[in-house]
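Below is the file data.cif, which contains mmCIF, C-alpha atoms.
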```cif
data_upload
loop_
_atom_site.label_atom_id
_atom_site.label_comp_id
_atom_site.auth_asym_id
_atom_site.auth_seq_id
_atom_site.Cartn_x
_atom_site.Cartn_y
_atom_site.Cartn_z
CA MET A 17 -146.85 -100.10 264.78
CA ASN A 18 -145.08 -101.56 261.82
CA GLU A 19 -142.44 -100.94 259.21
CA LYS A 20 -145.01 -99.93 256.62
CA PHE A 21 -145.97 -96.91 258.67
CA SER A 22 -142.32 -95.91 259.01
CA ALA A 23 -141.81 -96.35 255.26
CA LEU A 24 -144.93 -94.23 254.62
CA MET A 25 -143.35 -91.36 256.53
CA ASP A 26 -140.25 -91.63 254.36
CA GLY A 27 -142.11 -91.78 251.05
CA GLU A 28 -140.84 -95.34 250.59
CA LEU A 29 -144.10 -97.24 250.59
CA PRO A 30 -145.46 -98.81 247.39
CA GLN A 31 -148.08 -96.46 245.97
CA ARG A 32 -150.78 -99.12 245.95
CA GLU A 33 -150.52 -99.41 249.77
CA ILE A 34 -150.69 -95.74 250.64
CA ALA A 35 -154.46 -95.39 250.99
CA ALA A 36 -154.73 -98.39 253.30
CA VAL A 37 -151.85 -97.31 255.55
CA VAL A 38 -153.11 -93.70 255.74
CA GLY A 39 -156.54 -95.13 256.49
CA GLU A 40 -155.05 -96.89 259.53
CA LEU A 41 -153.20 -93.74 260.53
CA VAL A 42 -156.29 -91.53 260.68
CA THR A 43 -158.19 -94.05 262.77
CA SER A 44 -155.52 -95.39 265.15
CA LYS A 45 -154.62 -93.29 268.18
CA ASP A 46 -151.44 -95.32 268.67
CA GLN A 47 -150.26 -94.55 265.16
CA GLN A 48 -151.15 -90.89 265.55
CA ASN A 49 -149.06 -90.73 268.72
CA ALA A 50 -146.18 -92.39 266.87
CA TRP A 51 -146.62 -89.91 264.01
CA TYR A 52 -146.32 -87.08 266.53
CA GLU A 53 -143.29 -88.59 268.28
CA TRP A 54 -141.47 -89.56 265.09
CA HIS A 55 -141.94 -86.09 263.62
CA ALA A 56 -140.81 -84.47 266.87
CA ALA A 57 -137.65 -86.60 266.69
CA ARG A 58 -137.13 -85.86 262.99
CA ASP A 59 -137.57 -82.11 263.51
CA ALA A 60 -135.18 -82.16 266.48
CA LEU A 61 -132.55 -83.97 264.40
CA GLN A 62 -133.01 -81.56 261.52
CA GLY A 63 -132.84 -78.49 263.72
CA GLN A 64 -136.32 -77.26 262.91
CA TYR A 65 -137.92 -74.43 264.85
CA ALA A 66 -138.90 -75.42 268.39
CA LEU A 67 -142.54 -74.66 269.05
CA SER A 68 -144.00 -74.60 272.54
CA PRO A 69 -145.26 -77.97 273.77
CA GLU A 70 -148.80 -76.61 273.88
CA PHE A 71 -148.85 -75.63 270.23
CA MET A 72 -150.61 -78.68 268.85
CA ARG A 73 -153.15 -78.91 271.64
CA GLN A 74 -154.07 -75.23 271.17
CA PHE A 75 -154.29 -75.66 267.42
CA SER A 76 -156.57 -78.68 267.75
CA ALA A 77 -158.90 -76.67 269.98
CA ARG A 78 -159.06 -73.93 267.34
CA LEU A 79 -159.58 -76.40 264.54
CA ALA A 80 -162.42 -78.10 266.41
CA ALA A 81 -164.28 -74.78 266.39
CA GLU A 82 -164.01 -74.54 262.60
CA PRO A 83 -166.82 -75.78 260.35
CA ILE A 84 -165.98 -79.08 258.67
CA VAL A 85 -164.82 -78.48 255.10
CA ILE A 86 -166.21 -80.60 252.34
CA ALA A 87 -164.69 -80.05 248.93
CA PRO A 88 -165.77 -81.44 245.58
CA GLN A 89 -163.21 -83.92 244.28
CA GLN A 90 -161.25 -82.10 241.61
CA TRP A 91 -158.02 -84.05 241.85
CA ARG A 92 -156.24 -85.40 238.88
CA THR A 93 -156.66 -89.13 239.06
CA PRO A 94 -153.89 -91.53 238.06
CA PHE A 95 -155.97 -92.41 235.01
CA LEU A 96 -155.74 -88.83 233.78
CA SER A 97 -152.07 -88.49 234.38
CA LYS A 98 -149.77 -86.47 232.12
CA LYS A 99 -148.73 -89.62 230.31
CA LEU A 100 -152.27 -90.07 229.06
CA LEU A 101 -153.26 -86.44 228.70
CA VAL A 102 -150.35 -85.46 226.46
CA PRO A 103 -151.15 -87.86 223.57
CA LEU A 104 -154.88 -87.24 224.01
CA SER A 105 -154.52 -83.48 223.80
CA ALA A 106 -152.10 -83.81 220.88
CA ALA A 107 -154.59 -85.99 219.01
CA ALA A 108 -157.41 -83.57 219.78
CA SER A 109 -155.31 -80.64 218.53
CA LEU A 110 -154.46 -82.46 215.32
CA MET A 111 -158.11 -83.31 214.75
CA PHE A 112 -159.11 -79.69 215.30
CA VAL A 113 -156.45 -78.34 212.95
CA GLY A 114 -157.35 -80.93 210.34
CA LEU A 115 -161.02 -80.09 210.57
CA ALA A 116 -160.33 -76.36 210.36
CA VAL A 117 -158.08 -76.79 207.32
CA TRP A 118 -160.63 -78.97 205.59
CA GLN A 119 -163.54 -76.63 206.33
CA PHE A 120 -161.83 -73.52 205.03
CA SER A 121 -159.88 -74.99 202.18
CA PRO A 122 -160.96 -73.85 198.68
CA GLN A 123 -161.69 -77.45 197.69
CA ALA A 124 -164.01 -77.95 200.59
CA LEU A 125 -165.86 -74.70 199.86
CA ALA A 126 -166.18 -75.27 196.13
CA PRO A 127 -169.77 -76.19 195.14
CA GLN A 128 -168.64 -78.84 192.67
CA ASN A 129 -166.64 -80.61 195.35
CA MET A 130 -169.47 -80.41 197.80
CA ALA A 131 -171.67 -82.07 195.28
CA ALA A 132 -169.04 -84.74 194.72
CA ALA A 133 -168.61 -85.48 198.40
CA PRO A 134 -170.32 -88.63 199.60
CA THR A 135 -173.26 -87.51 201.66
CA THR A 136 -176.40 -89.02 202.99
CA LEU A 137 -179.22 -87.55 200.96
CA LEU A 138 -182.37 -86.57 202.67
CA LYS A 139 -185.72 -86.18 201.06
CA ALA A 140 -187.14 -82.68 201.25
CA ALA A 141 -190.53 -83.94 202.26
CA GLU A 142 -189.01 -85.59 205.35
CA VAL A 143 -186.82 -82.70 206.39
CA HIS A 144 -188.94 -79.63 205.77
CA PRO A 145 -191.38 -80.02 208.67
CA TYR A 146 -188.46 -80.64 211.03
CA LEU A 147 -186.50 -77.62 209.86
CA LYS A 148 -189.57 -75.42 209.81
CA MET A 149 -190.28 -76.29 213.43
CA HIS A 150 -186.73 -75.33 214.39
CA ARG A 151 -186.85 -72.13 212.39
CA ASP A 152 -190.10 -71.05 213.96
CA GLY A 153 -188.97 -71.85 217.46
CA LEU A 154 -185.52 -70.29 217.21
CA ALA A 155 -186.74 -67.28 215.29
CA GLY A 156 -189.15 -66.60 218.11
CA ALA A 157 -186.36 -66.87 220.69
CA MET A 158 -183.99 -64.62 218.70
CA GLY A 159 -186.40 -61.94 217.58
CA GLY A 160 -187.40 -63.57 214.31
CA GLU A 161 -184.61 -62.07 212.21
CA VAL A 162 -181.50 -64.15 211.94
CA LEU A 163 -182.91 -67.50 211.14
CA ALA A 164 -185.44 -66.17 208.74
CA GLN A 165 -182.46 -65.48 206.45
CA ALA A 166 -180.56 -68.67 207.18
CA PRO A 167 -180.33 -70.72 204.05
CA PHE A 168 -180.32 -74.45 204.02
CA GLU A 169 -180.16 -76.78 201.10
CA VAL A 170 -181.84 -80.05 200.77
CA GLU A 171 -181.35 -82.55 198.02
CA ARG A 172 -184.55 -82.57 196.10
CA HIS A 173 -185.88 -85.67 194.40
CA MET B 15 -142.91 -101.16 242.07
CA LEU B 16 -144.18 -97.57 242.05
CA LYS B 17 -143.22 -95.86 245.30
CA ALA B 18 -145.46 -93.33 247.00
CA SER B 19 -143.70 -90.01 247.34
CA GLU B 20 -144.06 -87.52 250.16
CA ARG B 21 -146.39 -85.62 247.85
CA ASP B 22 -148.60 -88.70 247.46
CA LEU B 23 -148.83 -89.02 251.21
CA ASP B 24 -149.79 -85.35 251.61
CA GLN B 25 -152.29 -85.68 248.77
CA GLU B 26 -153.98 -88.61 250.48
CA LEU B 27 -154.22 -86.70 253.77
CA VAL B 28 -155.51 -83.58 252.01
CA ARG B 29 -158.09 -85.63 250.14
CA ARG B 30 -159.35 -87.03 253.41
CA ALA B 31 -159.40 -83.58 255.01
CA GLN B 32 -161.37 -82.28 252.03
CA ASN B 33 -163.88 -85.01 252.72
CA GLY B 34 -164.40 -83.70 256.22
CA ASP B 35 -161.73 -85.58 258.19
CA GLN B 36 -160.21 -82.95 260.50
CA ARG B 37 -157.82 -85.51 261.98
CA ALA B 38 -156.20 -85.93 258.59
CA PHE B 39 -155.55 -82.19 258.51
CA GLU B 40 -154.09 -82.30 262.03
CA LEU B 41 -151.64 -84.95 260.85
CA LEU B 42 -150.48 -82.53 258.16
CA VAL B 43 -150.09 -79.84 260.81
CA VAL B 44 -148.00 -82.20 262.97
CA LYS B 45 -145.82 -82.81 259.95
CA TYR B 46 -145.30 -79.21 258.89
CA GLN B 47 -145.78 -77.10 262.04
CA ARG B 48 -142.08 -76.57 262.76
CA ARG B 49 -141.12 -75.95 259.14
CA ILE B 50 -143.77 -73.27 258.84
CA ALA B 51 -142.77 -71.77 262.20
CA ARG B 52 -139.15 -71.64 261.10
CA LEU B 53 -140.19 -69.96 257.85
CA LEU B 54 -142.15 -67.32 259.78
CA SER B 55 -139.32 -66.81 262.27
CA ARG B 56 -137.46 -65.17 259.37
CA MET B 57 -140.13 -62.47 259.26
CA ILE B 58 -141.27 -62.17 262.87
CA ARG B 59 -139.01 -61.99 265.90
CA ASP B 60 -141.28 -62.63 268.86
CA PRO B 61 -141.76 -66.38 269.55
CA ALA B 62 -145.31 -65.94 270.86
CA GLU B 63 -146.23 -64.05 267.69
CA ILE B 64 -144.56 -66.71 265.55
CA GLU B 65 -146.74 -69.35 267.15
CA ASP B 66 -149.89 -67.26 266.76
CA VAL B 67 -149.22 -66.55 263.10
CA THR B 68 -148.31 -70.20 262.49
CA GLN B 69 -151.63 -71.26 263.95
CA GLU B 70 -153.44 -68.61 261.93
CA ALA B 71 -151.71 -69.78 258.74
CA PHE B 72 -152.84 -73.36 259.30
CA ILE B 73 -156.40 -72.24 260.06
CA LYS B 74 -156.42 -70.18 256.85
CA ALA B 75 -155.10 -73.19 254.95
CA TYR B 76 -157.87 -75.34 256.41
CA ARG B 77 -160.52 -72.82 255.36
CA ALA B 78 -159.02 -72.64 251.88
CA LEU B 79 -158.76 -76.39 251.55
CA PRO B 80 -161.72 -76.71 249.14
CA ALA B 81 -159.76 -74.58 246.66
CA PHE B 82 -156.67 -76.77 246.79
CA ARG B 83 -156.63 -79.03 243.73
CA GLY B 84 -153.24 -80.65 244.08
CA GLU B 85 -151.70 -78.75 241.18
CA SER B 86 -148.74 -77.89 243.39
CA ALA B 87 -147.29 -79.74 246.36
CA PHE B 88 -149.24 -79.18 249.56
CA TYR B 89 -146.21 -77.61 251.26
CA THR B 90 -145.74 -75.14 248.39
CA TRP B 91 -149.36 -74.08 248.73
CA LEU B 92 -149.06 -73.90 252.51
CA TYR B 93 -145.84 -71.89 252.24
CA ARG B 94 -147.60 -69.17 250.22
CA ILE B 95 -150.48 -68.99 252.69
CA ALA B 96 -148.04 -68.71 255.60
CA ILE B 97 -146.05 -65.92 253.92
CA ASN B 98 -149.23 -63.97 253.11
CA THR B 99 -150.58 -64.48 256.62
CA ALA B 100 -147.36 -63.10 258.10
CA LYS B 101 -147.30 -60.13 255.71
CA ASN B 102 -150.92 -59.28 256.54
CA TYR B 103 -150.23 -59.65 260.24
CA LEU B 104 -147.26 -57.31 260.08
CA ALA B 105 -149.16 -54.86 257.89
CA THR B 106 -151.96 -54.58 260.44
CA LEU B 107 -149.34 -53.73 263.05
CA GLY B 108 -147.66 -51.25 260.73
CA ARG B 109 -144.46 -53.26 260.83
CA ARG B 110 -142.17 -54.52 258.13
CA PRO B 111 -140.96 -58.10 258.04
CA VAL B 112 -137.56 -58.72 259.57
CA LEU B 113 -135.95 -60.86 256.93
CA SER B 114 -133.07 -63.09 257.84
CA SER B 115 -130.21 -63.45 255.38
CA GLU B 116 -130.98 -67.17 255.28
CA TYR B 117 -134.54 -67.00 254.04
CA GLU B 118 -135.96 -70.47 253.59
CA ASP B 119 -137.21 -71.33 250.14
CA GLU B 120 -140.62 -72.87 249.51
CA ASP B 121 -139.20 -76.37 249.64
CA GLY B 122 -137.91 -75.59 253.09
CA TYR B 123 -134.38 -76.78 252.50
CA THR B 124 -132.34 -73.69 253.35
CA LEU B 125 -130.99 -74.62 256.74
CA ASP B 126 -130.04 -72.32 259.55
CA ALA B 127 -128.52 -73.91 262.64
CA VAL B 128 -129.51 -70.92 264.78
CA ALA B 129 -133.15 -71.92 264.44
CA GLN B 130 -132.71 -75.04 266.55
CA VAL B 131 -133.91 -73.33 269.71
CA ALA B 132 -135.10 -69.75 269.56
CA ASP B 133 -133.31 -67.47 271.98
CA ASP B 134 -136.27 -65.74 273.51
CA HIS B 135 -138.72 -68.53 274.19
CA THR B 136 -140.27 -68.53 277.62
CA PRO B 137 -137.94 -70.25 280.09
CA GLU B 138 -140.38 -73.16 280.51
CA SER B 139 -140.84 -73.92 276.81
CA GLU B 140 -137.17 -73.32 276.07
CA LEU B 141 -136.24 -75.85 278.73
CA SER B 142 -138.66 -78.43 277.40
CA ASN B 143 -137.47 -77.91 273.82
CA LYS B 144 -133.86 -78.23 274.84
CA GLN B 145 -134.80 -81.40 276.68
CA ILE B 146 -136.47 -82.77 273.57
CA VAL B 147 -133.41 -82.04 271.42
CA SER B 148 -130.97 -83.49 273.96
CA THR B 149 -133.16 -86.55 274.58
CA VAL B 150 -133.33 -87.27 270.85
CA ASN B 151 -129.58 -86.85 270.49
CA GLU B 152 -128.92 -89.11 273.46
CA ALA B 153 -131.33 -91.69 272.09
CA VAL B 154 -129.55 -91.66 268.73
CA ASP B 155 -126.17 -91.99 270.42
CA ALA B 156 -127.42 -94.97 272.41
CA LEU B 157 -128.56 -96.88 269.31
CA PRO B 158 -126.58 -99.84 267.97
CA ASN B 159 -124.26 -98.74 265.18
CA ASP B 160 -126.32 -100.12 262.31
CA LEU B 161 -129.54 -98.46 263.52
CA ARG B 162 -127.78 -95.17 264.26
CA GLU B 163 -126.18 -95.05 260.84
CA ALA B 164 -129.46 -95.87 259.07
CA ILE B 165 -131.55 -93.25 260.92
CA THR B 166 -128.83 -90.61 260.58
CA LEU B 167 -128.49 -91.16 256.84
CA ARG B 168 -132.25 -90.94 256.50
CA GLU B 169 -133.19 -88.04 258.82
CA MET B 170 -130.10 -85.86 258.70
CA ASP B 171 -128.69 -86.58 255.26
CA GLY B 172 -132.05 -87.19 253.55
CA LEU B 173 -130.95 -90.32 251.69
CA SER B 174 -133.50 -92.70 250.15
CA TYR B 175 -133.71 -96.31 251.31
CA GLU B 176 -131.99 -97.38 248.11
CA GLU B 177 -129.10 -94.98 248.69
CA ILE B 178 -128.78 -96.08 252.31
CA ALA B 179 -128.77 -99.73 251.20
CA VAL B 180 -125.86 -98.99 248.89
CA ALA B 181 -124.01 -97.01 251.56
CA MET B 182 -124.51 -99.71 254.21
CA GLU B 183 -124.12 -102.64 251.79
CA CYS B 184 -127.33 -104.34 252.84
CA PRO B 185 -130.77 -105.08 251.30
CA ILE B 186 -133.42 -102.35 251.20
CA GLY B 187 -135.64 -104.46 253.47
CA THR B 188 -132.93 -104.35 256.11
CA VAL B 189 -132.69 -100.56 255.82
CA ARG B 190 -136.45 -100.28 256.25
CA SER B 191 -136.32 -102.49 259.33
CA ARG B 192 -133.36 -100.61 260.88
CA ILE B 193 -135.00 -97.21 260.42
CA PHE B 194 -138.22 -98.45 261.93
CA ARG B 195 -136.43 -99.95 264.95
CA ALA B 196 -134.38 -96.79 265.42
CA ARG B 197 -137.55 -94.68 265.41
CA GLU B 198 -139.18 -96.95 267.96
CA ALA B 199 -136.15 -96.71 270.24
CA ILE B 200 -135.98 -92.91 269.99
CA ALA B 201 -139.73 -92.54 270.52
CA HIS B 202 -139.53 -94.79 273.57
CA ARG B 203 -137.15 -92.31 275.22
CA LEU B 204 -139.00 -89.25 273.97
CA ARG B 205 -142.50 -90.37 274.94
CA PRO B 206 -142.42 -89.55 278.68
CA LEU B 207 -141.06 -86.10 277.93
CA LEU B 208 -143.72 -85.31 275.32
CA GLN B 209 -146.48 -86.59 277.58
CA GLY B 210 -145.11 -84.55 280.48
CA VAL B 211 -144.87 -81.24 278.64
CA GLY B 212 -148.23 -81.76 276.99
CA LYS B 213 -149.94 -82.38 280.33
CA ASP B 214 -150.93 -85.90 279.31
CA LYS B 215 -152.88 -84.73 276.31
CA ARG B 216 -150.93 -83.62 273.29
CA TRP B 217 -153.71 -83.18 270.76
#
```
Rewrite the structure of this file - the entire thing - as C-alpha cells.
Amino acid sequence: MNEKFSALMDGELPQREIAAVVGELVTSKDQQNAWYEWHAARDALQGQYALSPEFMRQFSARLAAEPIVIAPQQWRTPFLSKKLLVPLSAAASLMFVGLAVWQFSPQALAPQNMAAAPTTLLKAAEVHPYLKMHRDGLAGAMGGEVLAQAPFEVERH
Amino acid sequence: MLKASERDLDQELVRRAQNGDQRAFELLVVKYQRRIARLLSRMIRDPAEIEDVTQEAFIKAYRALPAFRGESAFYTWLYRIAINTAKNYLATLGRRPVLSSEYEDEDGYTLDAVAQVADDHTPESELSNKQIVSTVNEAVDALPNDLREAITLREMDGLSYEEIAVAMECPIGTVRSRIFRAREAIAHRLRPLLQGVGKDKRW
C-alpha cells in the first residue's frame, strides 16, 4: 500500500498516474481490501447509512451471475475536450454560414459572375460519357424521372 | 500538474467495467453503497428493503452500463437509477415513498446525523455497525495530533490537500503522508472487525 493509492481515493493524484494506480487496484487483493476498509472508515466518519456486513458479499454473488457487459468506447477523450471542441465547432459554424451566404447571394447566383469566377474548365468530350453513365444509373434507381430533367453545363470548346 | 478528480477516478473504473471488468464495478459499489442506501432510506423505511433496493439499483446500473457515456458524473447517473428503482419498487407494492424532510440531493451532500445507524436494523447488524463506528472513532482519537487533524480535515470537513497544507502550515507532501498513515492506523484497528462480521470473506 502506498501514498499514491490514498491520494487516488481523495482525487489528489496527478491525472497522468490515474490509469496505472487504478490498474494496480483492480488486480491487487491487498489494495482492494484497503479500498474496502478505508471507505468503511470514511463512511463511518461521515455518518453514512450503515449497511449490514453481508451486503457486499451478497451483492458480489448477484453480480457474478450477471452476464459480463462489454460497451463500445464512446467516451470523450482528453483530445476532444471542450477546449478543443469549442473553437472547432465555432470555425465549422462560420464556414457553414459563409458558404450559405455565398451560395445564395445575388452575386453568386448571377450568370455573369459565375462566368467570371475562376473555374477549372472541363472539355465536353471528356465529361459527357461520365455524366451519361451517372444519369443512366441514377435515373434507373429513381424511376427515370428526376435526373432526366437535371441540367448540367459544361464549358464547350 | 493536472490533478485527477473523483470524477476521473470513477470514469476510469467505469471504463474498465465497460470493458468487462466486474471487479472494477464492485469497487464503485464499495465506494457508493452507503450513500445510495442513505438516499433510499429517505423513501423506504424497512432496512431489509433498503438493502434489497440498493442491491437492485446497483444491478440495474451494471446492466445499463453500456449506455453510460460519461456525460454526467457517475454518481449523478447512479442517483437517478436508484431513485427510479425505489419508485418502481414502491409502485409495485402500491406504496408511496416516505420522504424525509432532509432529502439528499444528487451530489449526496445533504447530511442527516440520524442516518448514522438506522434504528430498526437487526440486533446483530446494528451491533456490528455500532462497533464499526465506535472502533473508527476510537482509532481516530488514538492517532497522534498531526495525523488526527489531517484525516479529520480531509474526511469530515472535506478539505483538499492544498487547503489542509495551509491550515496545518506544512507542505502538501506532508499532508499526503499524514492522511495515508492515519488511514493505515484506522484500518489496522478496523480490519479484525470487518473480517469477523464478514465471516472471513467480505467480497
Contacts of stretch 155-162 of chain B within 8 Å, only C-alpha atoms, excl. fewer than 2 positions in-chain, as a VMD selection string:
chain B and resid 151 to 153 164 to 166 192 to 193 195 to 196 199
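Relative to atom CA of B:Ser19, atom CA of A:Phe71 is found at 27.5 Å.
Look at B:Trp91: the protein and nucleic acid residues within 12 Å of it, using all atoms listed in the file and passing over chain neighbours fewer than 3 places away, are Arg21, Asp24, Gln25, Val28, Ile50, Ala71, Phe72, Lys74, Ala75, Tyr76, Ala78, Leu79, Ala81, Phe82, Arg83, Gly84, Glu85, Ser86, Ala87, Phe88, Arg94, Ile95, Ala96, Ile97, Asn98, Glu120 and Asp121 of chain B.
Here the question is which of B:Leu41, B:Val67, B:Leu107, B:Ile58 gets nearest to chain A using only C-alpha atoms, and that residue is B:Leu41.
Residues in contact with A:Ser76 at 10 Å, where only C-alpha atoms are counted and same-chain residues fewer than 3 positions away are skipped, are listed as Phe71, Met72, Arg73, Leu79, Ala80, Ala81 and Glu82 of chain A; Gln36, Arg37, Phe39, Glu40, Val43, Gln69, Arg216 and Trp217 of chain B.
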I would like the residues chosen by the PyMOL selection byres ((chain A) within 6 of (chain B)) on the shown file; could you give them as a ChimeraX atom specification?
/A:19,22,27-31,42,53,60,62-66,68-69,72-73,84-87,90-91
Let's have the selection written as a PDB file, in the frame of the given file, with C-alpha atoms.
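Output below, filename out-v1.pdb:
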```pdb
ATOM      1  CA  GLU A  19    -142.440-100.940 259.210  1.00  0.00           C
ATOM      2  CA  SER A  22    -142.320 -95.910 259.010  1.00  0.00           C
ATOM      3  CA  GLY A  27    -142.110 -91.780 251.050  1.00  0.00           C
ATOM      4  CA  GLU A  28    -140.840 -95.340 250.590  1.00  0.00           C
ATOM      5  CA  LEU A  29    -144.100 -97.240 250.590  1.00  0.00           C
ATOM      6  CA  PRO A  30    -145.460 -98.810 247.390  1.00  0.00           C
ATOM      7  CA  GLN A  31    -148.080 -96.460 245.970  1.00  0.00           C
ATOM      8  CA  VAL A  42    -156.290 -91.530 260.680  1.00  0.00           C
ATOM      9  CA  GLU A  53    -143.290 -88.590 268.280  1.00  0.00           C
ATOM     10  CA  ALA A  60    -135.180 -82.160 266.480  1.00  0.00           C
ATOM     11  CA  GLN A  62    -133.010 -81.560 261.520  1.00  0.00           C
ATOM     12  CA  GLY A  63    -132.840 -78.490 263.720  1.00  0.00           C
ATOM     13  CA  GLN A  64    -136.320 -77.260 262.910  1.00  0.00           C
ATOM     14  CA  TYR A  65    -137.920 -74.430 264.850  1.00  0.00           C
ATOM     15  CA  ALA A  66    -138.900 -75.420 268.390  1.00  0.00           C
ATOM     16  CA  SER A  68    -144.000 -74.600 272.540  1.00  0.00           C
ATOM     17  CA  PRO A  69    -145.260 -77.970 273.770  1.00  0.00           C
ATOM     18  CA  MET A  72    -150.610 -78.680 268.850  1.00  0.00           C
ATOM     19  CA  ARG A  73    -153.150 -78.910 271.640  1.00  0.00           C
ATOM     20  CA  ILE A  84    -165.980 -79.080 258.670  1.00  0.00           C
ATOM     21  CA  VAL A  85    -164.820 -78.480 255.100  1.00  0.00           C
ATOM     22  CA  ILE A  86    -166.210 -80.600 252.340  1.00  0.00           C
ATOM     23  CA  ALA A  87    -164.690 -80.050 248.930  1.00  0.00           C
ATOM     24  CA  GLN A  90    -161.250 -82.100 241.610  1.00  0.00           C
ATOM     25  CA  TRP A  91    -158.020 -84.050 241.850  1.00  0.00           C
TER      26      TRP A  91
END
```
Put a box with edges along x, y and z around all the listed atoms of stretch 67-73 of chain A, pad it by 3 Å on each side, then give me its centre and sizes in Å, one decimal, as lines of an AutoDock Vina configuration file.
```
center_x = -147.8
center_y = -76.8
center_z = 271.4
size_x = 16.6
size_y = 10.3
size_z = 11.0
```
What separates atom CA of A:Ser44 and atom CA of A:Phe21 is a distance of 11.6 Å
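By only C-alpha atoms, and with residues fewer than 4 positions from A:Gln47 along its chain excluded, the set lying at most 10 Å from it is Met17, Asn18, Phe21, Val38, Glu40, Leu41, Val42, Thr43, Trp51, Tyr52 and Glu53 of chain A.
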Emit the selected residues as a CSV table (one decimal), in the coordinates of the input, including C-alpha atoms.
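The result, stored in out_6.csv:
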```csv
chain,number,residue,atom,x,y,z
A,17,MET,CA,-146.8,-100.1,264.8
A,18,ASN,CA,-145.1,-101.6,261.8
A,21,PHE,CA,-146.0,-96.9,258.7
A,38,VAL,CA,-153.1,-93.7,255.7
A,40,GLU,CA,-155.0,-96.9,259.5
A,41,LEU,CA,-153.2,-93.7,260.5
A,42,VAL,CA,-156.3,-91.5,260.7
A,43,THR,CA,-158.2,-94.0,262.8
A,51,TRP,CA,-146.6,-89.9,264.0
A,52,TYR,CA,-146.3,-87.1,266.5
A,53,GLU,CA,-143.3,-88.6,268.3
```
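A straight line drawn from atom CA of B:Ile178 to atom CA of B:Glu163 is 9.0 Å long.
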Export N, CA and C atoms of stretch 165-177 of chain B from the structure just given, as a JSON list (two decimals), in the first residue's frame?
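See result13.json below for the written result:
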```json
[["chain", "number", "residue", "atom", "x", "y", "z"],
["B", 165, "ILE", "N", -6.52, 13.80, 8.94],
["B", 165, "ILE", "CA", -7.60, 12.90, 8.47],
["B", 165, "ILE", "C", -8.98, 13.50, 8.77],
["B", 166, "THR", "N", -9.08, 14.23, 9.85],
["B", 166, "THR", "CA", -10.36, 14.87, 10.19],
["B", 166, "THR", "C", -10.69, 15.98, 9.20],
["B", 167, "LEU", "N", -9.68, 16.79, 8.88],
["B", 167, "LEU", "CA", -9.92, 17.86, 7.91],
["B", 167, "LEU", "C", -10.29, 17.29, 6.54],
["B", 168, "ARG", "N", -9.70, 16.16, 6.23],
["B", 168, "ARG", "CA", -9.99, 15.54, 4.92],
["B", 168, "ARG", "C", -11.37, 14.85, 4.92],
["B", 169, "GLU", "N", -11.59, 13.92, 5.83],
["B", 169, "GLU", "CA", -12.78, 13.07, 5.76],
["B", 169, "GLU", "C", -14.04, 13.73, 6.31],
["B", 170, "MET", "N", -13.89, 14.56, 7.31],
["B", 170, "MET", "CA", -15.09, 15.15, 7.91],
["B", 170, "MET", "C", -15.38, 16.55, 7.39],
["B", 171, "ASP", "N", -14.31, 17.29, 7.11],
["B", 171, "ASP", "CA", -14.52, 18.66, 6.62],
["B", 171, "ASP", "C", -14.40, 18.76, 5.10],
["B", 172, "GLY", "N", -13.88, 17.70, 4.46],
["B", 172, "GLY", "CA", -13.81, 17.66, 3.00],
["B", 172, "GLY", "C", -12.82, 18.61, 2.37],
["B", 173, "LEU", "N", -11.79, 18.99, 3.12],
["B", 173, "LEU", "CA", -10.79, 19.92, 2.58],
["B", 173, "LEU", "C", -9.84, 19.21, 1.60],
["B", 174, "SER", "N", -9.34, 19.97, 0.64],
["B", 174, "SER", "CA", -8.34, 19.43, -0.30],
["B", 174, "SER", "C", -6.98, 19.39, 0.41],
["B", 175, "TYR", "N", -6.03, 18.68, -0.20],
["B", 175, "TYR", "CA", -4.69, 18.61, 0.39],
["B", 175, "TYR", "C", -4.07, 20.01, 0.50],
["B", 176, "GLU", "N", -4.33, 20.80, -0.52],
["B", 176, "GLU", "CA", -3.78, 22.17, -0.52],
["B", 176, "GLU", "C", -4.35, 22.98, 0.65],
["B", 177, "GLU", "N", -5.65, 22.86, 0.86],
["B", 177, "GLU", "CA", -6.29, 23.59, 1.96],
["B", 177, "GLU", "C", -5.80, 23.09, 3.32]]
```
